[in-house]
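Presented below is the structure to which this report refers.
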Amino acid sequence: MSKTMIALDFSDKESVMTFLDKFQEPVYVKVGMELTYAFGFEMIREIKKRGHQIFLDLKLHDIPNTVKNGMKNLAKLDVDMVNLHAAGGSSMMKAAIEGLNEGAINGKRPLCIAVTQLTSTSQEMMNEELRIAGSVQDTVIAYAKLAKESGLDGVVCSVHEARAIHEACGNDFLTVTPGIRLASDSKDDQKRVATPSFAKEEGCDYIVVGRSITKSEDPFQTYTEIEAIMEGK
Ligand code: C5P
């Protein structure tokens with residue numbers, strides 16, 4: 001199973017399918033709001049039909065009953081991973097898992113991970129606008145623990161947080177980390193980036209890689225090189 005998730009940040013369906021045609025084996029892809037809201041679940045089913053694994057990055061956050069029913073329907077799509085905002089609290093997270101279990105196909109529910117604090121949230125914004133006291137780092141760890149206690153499988157986090165999260169929540173608690181760049185790449189709009197080797201060293205379970213692969217001259221080759229690092233080959 002792939003440890004490298006390719007972020008399909010394309011604006012049209014044709015580009016997605018042309019891109020996926022370049023891969024000679026099933027890969028793990030991340031599909032977010034942009035594509036899902038434009039092309040619906042038909043595209044998700046089509047990607048699954050081609051044999052790929054999908055992390056459906058829709059970040060649910062609502063009252064527990066609504067999230068439960070929403071998750072039940074996402075599980076029926078047979079996606080492999082979904083997510084939500086830990087800020088919805090433990091009742092919402094527990095309800096999400098219930099919904100996923102109810103919708104599970106052949107008894108296997110999608111993995112469910114939490115967003116703790118978005119990386120776009122600064123210390124000042126978190127304290128003054130969201131009215132959460134303390135440091136971002138402490139909040140990230142506290143939310144990760146709450147997610148674990150609520151039955152979730154892991155969190156989305158930065159490579160720089162993965163070690164502390166594993167120390168607080170155990171090594172079985174998954175860390176899924178974006179912000180990855182090859183040493184030779186430009187950082188684009190990412191502020192803090194890390195290489196796949198560093199992510200591996202820090203114990204990240206999955207890395208999310210967008211432009212380093214999608215904009216590569218040979219995406220399959222770049223993917224294969226990154227995946228080999230993650231698999232420790
Ligand atoms: O192209 P790049 O590798 O920067 O893409 C990273 C992907 O991970 C994008 O889909 C982005 O939205 C997502 N992401 C992120 N940082 C977060 C959460 C998600 O870059 N904190």
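Letters A, B, ... mark the chains of the structure tokens in the order given; residue numbers begin at 1 per chain; ligand numbers begin at 1, in order shown.
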
- Contacts of His166 of chain A at 10 Å (only C-alpha atoms; same-chain gap of 2+ positions) as a list in words: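 Final neighbour list, sorted by chain and number: Ile141, Ala144, Gly154, Glu161, Ala162, Arg163, Ala164, Ala168, Cys169, Gly170, Asn171, Asp172, Phe173, Leu174, Thr175, Glu202, Gly203 and Cys204 of chain A.
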
Excluding segment 106-115 of chain A and any residue of its chain fewer than 6 positions from it, enumerate the residues within 7 Å of it, using only C-alpha atoms, and give them as a PDB file with N, CA and C atoms, in the first residue's frame.
```pdb
ATOM      1  N   ALA A  75     -18.646   6.631   3.206  1.00  0.00           N
ATOM      2  CA  ALA A  75     -18.155   5.242   3.312  1.00  0.00           C
ATOM      3  C   ALA A  75     -18.695   4.396   2.168  1.00  0.00           C
ATOM      4  N   VAL A  79     -14.284   4.939  -0.500  1.00  0.00           N
ATOM      5  CA  VAL A  79     -13.006   5.649  -0.447  1.00  0.00           C
ATOM      6  C   VAL A  79     -12.185   5.070   0.710  1.00  0.00           C
ATOM      7  N   ASP A  80     -10.890   5.355   0.727  1.00  0.00           N
ATOM      8  CA  ASP A  80     -10.002   4.710   1.701  1.00  0.00           C
ATOM      9  C   ASP A  80      -9.734   5.553   2.936  1.00  0.00           C
ATOM     10  N   MET A  81      -9.853   6.877   2.777  1.00  0.00           N
ATOM     11  CA  MET A  81      -9.611   7.765   3.921  1.00  0.00           C
ATOM     12  C   MET A  81     -10.479   9.015   3.767  1.00  0.00           C
ATOM     13  N   VAL A  82     -11.010   9.491   4.901  1.00  0.00           N
ATOM     14  CA  VAL A  82     -11.790  10.742   4.914  1.00  0.00           C
ATOM     15  C   VAL A  82     -11.276  11.583   6.080  1.00  0.00           C
ATOM     16  N   ASN A  83     -11.767  12.816   6.190  1.00  0.00           N
ATOM     17  CA  ASN A  83     -11.310  13.624   7.321  1.00  0.00           C
ATOM     18  C   ASN A  83     -12.373  14.587   7.823  1.00  0.00           C
ATOM     19  N   LEU A  84     -12.082  15.201   8.960  1.00  0.00           N
ATOM     20  CA  LEU A  84     -13.000  16.145   9.596  1.00  0.00           C
ATOM     21  C   LEU A  84     -12.170  17.105  10.443  1.00  0.00           C
ATOM     22  N   HIS A  85     -12.822  18.148  10.939  1.00  0.00           N
ATOM     23  CA  HIS A  85     -12.137  19.093  11.830  1.00  0.00           C
ATOM     24  C   HIS A  85     -12.305  18.633  13.284  1.00  0.00           C
ATOM     25  N   ALA A  86     -11.210  18.421  13.989  1.00  0.00           N
ATOM     26  CA  ALA A  86     -11.289  18.026  15.406  1.00  0.00           C
ATOM     27  C   ALA A  86     -12.026  19.086  16.223  1.00  0.00           C
ATOM     28  N   LEU A 100     -19.371   6.007   9.575  1.00  0.00           N
ATOM     29  CA  LEU A 100     -18.470   5.267   8.672  1.00  0.00           C
ATOM     30  C   LEU A 100     -18.679   3.760   8.833  1.00  0.00           C
ATOM     31  N   ALA A 147      -8.816  13.458  19.304  1.00  0.00           N
ATOM     32  CA  ALA A 147      -9.187  12.658  18.122  1.00  0.00           C
ATOM     33  C   ALA A 147      -8.943  11.178  18.405  1.00  0.00           C
ATOM     34  N   LEU A 152     -10.634   8.109  16.344  1.00  0.00           N
ATOM     35  CA  LEU A 152     -10.103   8.375  15.008  1.00  0.00           C
ATOM     36  C   LEU A 152      -8.773   7.655  14.793  1.00  0.00           C
ATOM     37  N   ASP A 153      -8.382   7.576  13.520  1.00  0.00           N
ATOM     38  CA  ASP A 153      -7.185   6.807  13.171  1.00  0.00           C
ATOM     39  C   ASP A 153      -5.923   7.650  13.104  1.00  0.00           C
ATOM     40  N   GLY A 154      -6.062   8.975  13.065  1.00  0.00           N
ATOM     41  CA  GLY A 154      -4.865   9.797  12.951  1.00  0.00           C
ATOM     42  C   GLY A 154      -5.205  11.244  12.698  1.00  0.00           C
ATOM     43  N   VAL A 155      -4.189  12.009  12.327  1.00  0.00           N
ATOM     44  CA  VAL A 155      -4.364  13.443  12.040  1.00  0.00           C
ATOM     45  C   VAL A 155      -3.580  13.853  10.792  1.00  0.00           C
ATOM     46  N   VAL A 156      -4.013  14.955  10.215  1.00  0.00           N
ATOM     47  CA  VAL A 156      -3.202  15.637   9.204  1.00  0.00           C
ATOM     48  C   VAL A 156      -2.305  16.571  10.002  1.00  0.00           C
TER      49      VAL A 156
END
```

- Message: With distances taken over only C-alpha atoms and all ligand atoms, which residue among A:Ile63, A:Ile207, A:Met125, A:Ile165 lies nearest ligand 1?
- Response: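 Ranked by minimum distance to ligand 1, first place goes to A:Ile207.
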
- Picked from segment 2-232 of chain A by DSSP as strand (DSSP E or B), as a VMD selection string: chain A and resid 4 to 7 28 to 32 53 to 60 81 to 85 105 108 111 to 115 154 to 156 174 to 177 180 194 206 to 209

- Nearest candidate to ligand 1 (options A:Lys68, A:His52, A:Lys191, A:Lys200; using only C-alpha atoms and all ligand atoms):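 Closest candidate: A:Lys191.
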
- Using only C-alpha atoms and all ligand atoms, what are the residues with an atom within 7 Å of ligand 1, set out as a ChimeraX atom specification? /A:7-9,32,118-119,156-158,178-181,190,208-212

- Just give me the gap between atom CA of Ala104 of chain A and atom CA of Lys72 of chain A in Å, one decimal is fine.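 Between atom CA of Ala104 of chain A and atom CA of Lys72 of chain A the gap is 7.5 Å.
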
- Message: For a test of reading the model, state the distance in Å between atom CA of Ala228 of chain A and atom CA of Ala194 of chain A, rounded to one decimal.
- Response: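 These two atoms are separated by 16.4 Å.
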
- Just how far from atom CA of Gly88 of chain A is atom CA of Gln137 of chain A, in Å to one decimal?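 It comes out at 18.5 Å.
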
- In segment 137-167 of chain A, what's alpha helix (DSSP H) per DSSP? Answer as a PyMOL selection string? chain A and resi 137-149+159-167

Would you mind exporting N, CA and C atoms of the selected residues as a PDB file, in the first residue's frame?
```pdb
ATOM      1  N   GLN A 137       1.126  24.765  18.912  1.00  0.00           N
ATOM      2  CA  GLN A 137       1.685  23.413  19.117  1.00  0.00           C
ATOM      3  C   GLN A 137       0.904  22.648  20.194  1.00  0.00           C
ATOM      4  N   ASP A 138       0.627  23.321  21.332  1.00  0.00           N
ATOM      5  CA  ASP A 138      -0.121  22.656  22.409  1.00  0.00           C
ATOM      6  C   ASP A 138      -1.534  22.299  21.970  1.00  0.00           C
ATOM      7  N   THR A 139      -2.142  23.191  21.184  1.00  0.00           N
ATOM      8  CA  THR A 139      -3.510  22.931  20.704  1.00  0.00           C
ATOM      9  C   THR A 139      -3.509  21.745  19.745  1.00  0.00           C
ATOM     10  N   VAL A 140      -2.509  21.695  18.868  1.00  0.00           N
ATOM     11  CA  VAL A 140      -2.409  20.588  17.915  1.00  0.00           C
ATOM     12  C   VAL A 140      -2.318  19.260  18.677  1.00  0.00           C
ATOM     13  N   ILE A 141      -1.478  19.213  19.708  1.00  0.00           N
ATOM     14  CA  ILE A 141      -1.311  17.965  20.474  1.00  0.00           C
ATOM     15  C   ILE A 141      -2.599  17.623  21.237  1.00  0.00           C
ATOM     16  N   ALA A 142      -3.224  18.637  21.839  1.00  0.00           N
ATOM     17  CA  ALA A 142      -4.461  18.379  22.602  1.00  0.00           C
ATOM     18  C   ALA A 142      -5.568  17.876  21.670  1.00  0.00           C
ATOM     19  N   TYR A 143      -5.697  18.473  20.497  1.00  0.00           N
ATOM     20  CA  TYR A 143      -6.732  18.044  19.532  1.00  0.00           C
ATOM     21  C   TYR A 143      -6.411  16.643  19.007  1.00  0.00           C
ATOM     22  N   ALA A 144      -5.127  16.356  18.821  1.00  0.00           N
ATOM     23  CA  ALA A 144      -4.752  15.011  18.337  1.00  0.00           C
ATOM     24  C   ALA A 144      -5.140  13.966  19.382  1.00  0.00           C
ATOM     25  N   LYS A 145      -4.897  14.282  20.670  1.00  0.00           N
ATOM     26  CA  LYS A 145      -5.265  13.337  21.744  1.00  0.00           C
ATOM     27  C   LYS A 145      -6.777  13.140  21.788  1.00  0.00           C
ATOM     28  N   LEU A 146      -7.518  14.236  21.618  1.00  0.00           N
ATOM     29  CA  LEU A 146      -8.983  14.157  21.623  1.00  0.00           C
ATOM     30  C   LEU A 146      -9.461  13.290  20.446  1.00  0.00           C
ATOM     31  N   ALA A 147      -8.816  13.458  19.304  1.00  0.00           N
ATOM     32  CA  ALA A 147      -9.187  12.658  18.122  1.00  0.00           C
ATOM     33  C   ALA A 147      -8.943  11.178  18.405  1.00  0.00           C
ATOM     34  N   LYS A 148      -7.818  10.896  19.030  1.00  0.00           N
ATOM     35  CA  LYS A 148      -7.505   9.489  19.340  1.00  0.00           C
ATOM     36  C   LYS A 148      -8.527   8.913  20.322  1.00  0.00           C
ATOM     37  N   GLU A 149      -8.806   9.696  21.378  1.00  0.00           N
ATOM     38  CA  GLU A 149      -9.791   9.233  22.369  1.00  0.00           C
ATOM     39  C   GLU A 149     -11.177   9.031  21.756  1.00  0.00           C
ATOM     40  N   VAL A 159       5.149  17.836   8.957  1.00  0.00           N
ATOM     41  CA  VAL A 159       6.234  16.895   9.251  1.00  0.00           C
ATOM     42  C   VAL A 159       6.863  17.234  10.601  1.00  0.00           C
ATOM     43  N   HIS A 160       6.929  18.545  10.888  1.00  0.00           N
ATOM     44  CA  HIS A 160       7.589  19.003  12.111  1.00  0.00           C
ATOM     45  C   HIS A 160       6.786  18.665  13.377  1.00  0.00           C
ATOM     46  N   GLU A 161       5.520  18.264  13.213  1.00  0.00           N
ATOM     47  CA  GLU A 161       4.690  17.915  14.376  1.00  0.00           C
ATOM     48  C   GLU A 161       4.558  16.404  14.569  1.00  0.00           C
ATOM     49  N   ALA A 162       4.946  15.641  13.547  1.00  0.00           N
ATOM     50  CA  ALA A 162       4.655  14.194  13.543  1.00  0.00           C
ATOM     51  C   ALA A 162       5.265  13.467  14.740  1.00  0.00           C
ATOM     52  N   ARG A 163       6.497  13.808  15.074  1.00  0.00           N
ATOM     53  CA  ARG A 163       7.183  13.110  16.171  1.00  0.00           C
ATOM     54  C   ARG A 163       6.452  13.326  17.507  1.00  0.00           C
ATOM     55  N   ALA A 164       6.110  14.606  17.771  1.00  0.00           N
ATOM     56  CA  ALA A 164       5.430  14.926  19.042  1.00  0.00           C
ATOM     57  C   ALA A 164       4.044  14.265  19.095  1.00  0.00           C
ATOM     58  N   ILE A 165       3.383  14.189  17.955  1.00  0.00           N
ATOM     59  CA  ILE A 165       2.053  13.553  17.925  1.00  0.00           C
ATOM     60  C   ILE A 165       2.178  12.050  18.203  1.00  0.00           C
ATOM     61  N   HIS A 166       3.183  11.425  17.621  1.00  0.00           N
ATOM     62  CA  HIS A 166       3.377   9.996  17.908  1.00  0.00           C
ATOM     63  C   HIS A 166       3.739   9.775  19.375  1.00  0.00           C
ATOM     64  N   GLU A 167       4.531  10.694  19.936  1.00  0.00           N
ATOM     65  CA  GLU A 167       4.880  10.556  21.364  1.00  0.00           C
ATOM     66  C   GLU A 167       3.640  10.683  22.233  1.00  0.00           C
TER      67      GLU A 167
END
```

- Message: Between A:Gln123, A:Thr224, A:Met230, A:Lys59, which residue has the minimum interatomic distance to Glu25 of chain A, considering only C-alpha atoms?
- Response: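 The shortest atom-to-atom distance to Glu25 of chain A comes from A:Thr224.
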
- Which residue of A:Thr222, A:Thr18, A:Thr177, A:Ser120 approaches Asp189 of chain A most closely, using only C-alpha atoms: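 Of all the options, A:Ser120 lies closest to Asp189 of chain A.
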
- Within 12 Å of Gly51 of chain A using only C-alpha atoms, minus same-chain residues under 4 positions, as a ChimeraX atom specification: /A:20-21,23-29,44-47,78-80

- Go through A:Ala183, A:Ala133, A:Leu60, A:Ala199 and flag the residue nearest Ala95 of chain A, using only C-alpha atoms for the distances.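 Using only C-alpha atoms, Ala95 of chain A sits closest to A:Leu60.
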
- Tell me which of A:Arg192, A:Lys22, A:His61, A:Lys187 sits closest to Met92 of chain A, counting only C-alpha atoms.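 Counting only C-alpha atoms, the residue closest to Met92 of chain A is A:His61.
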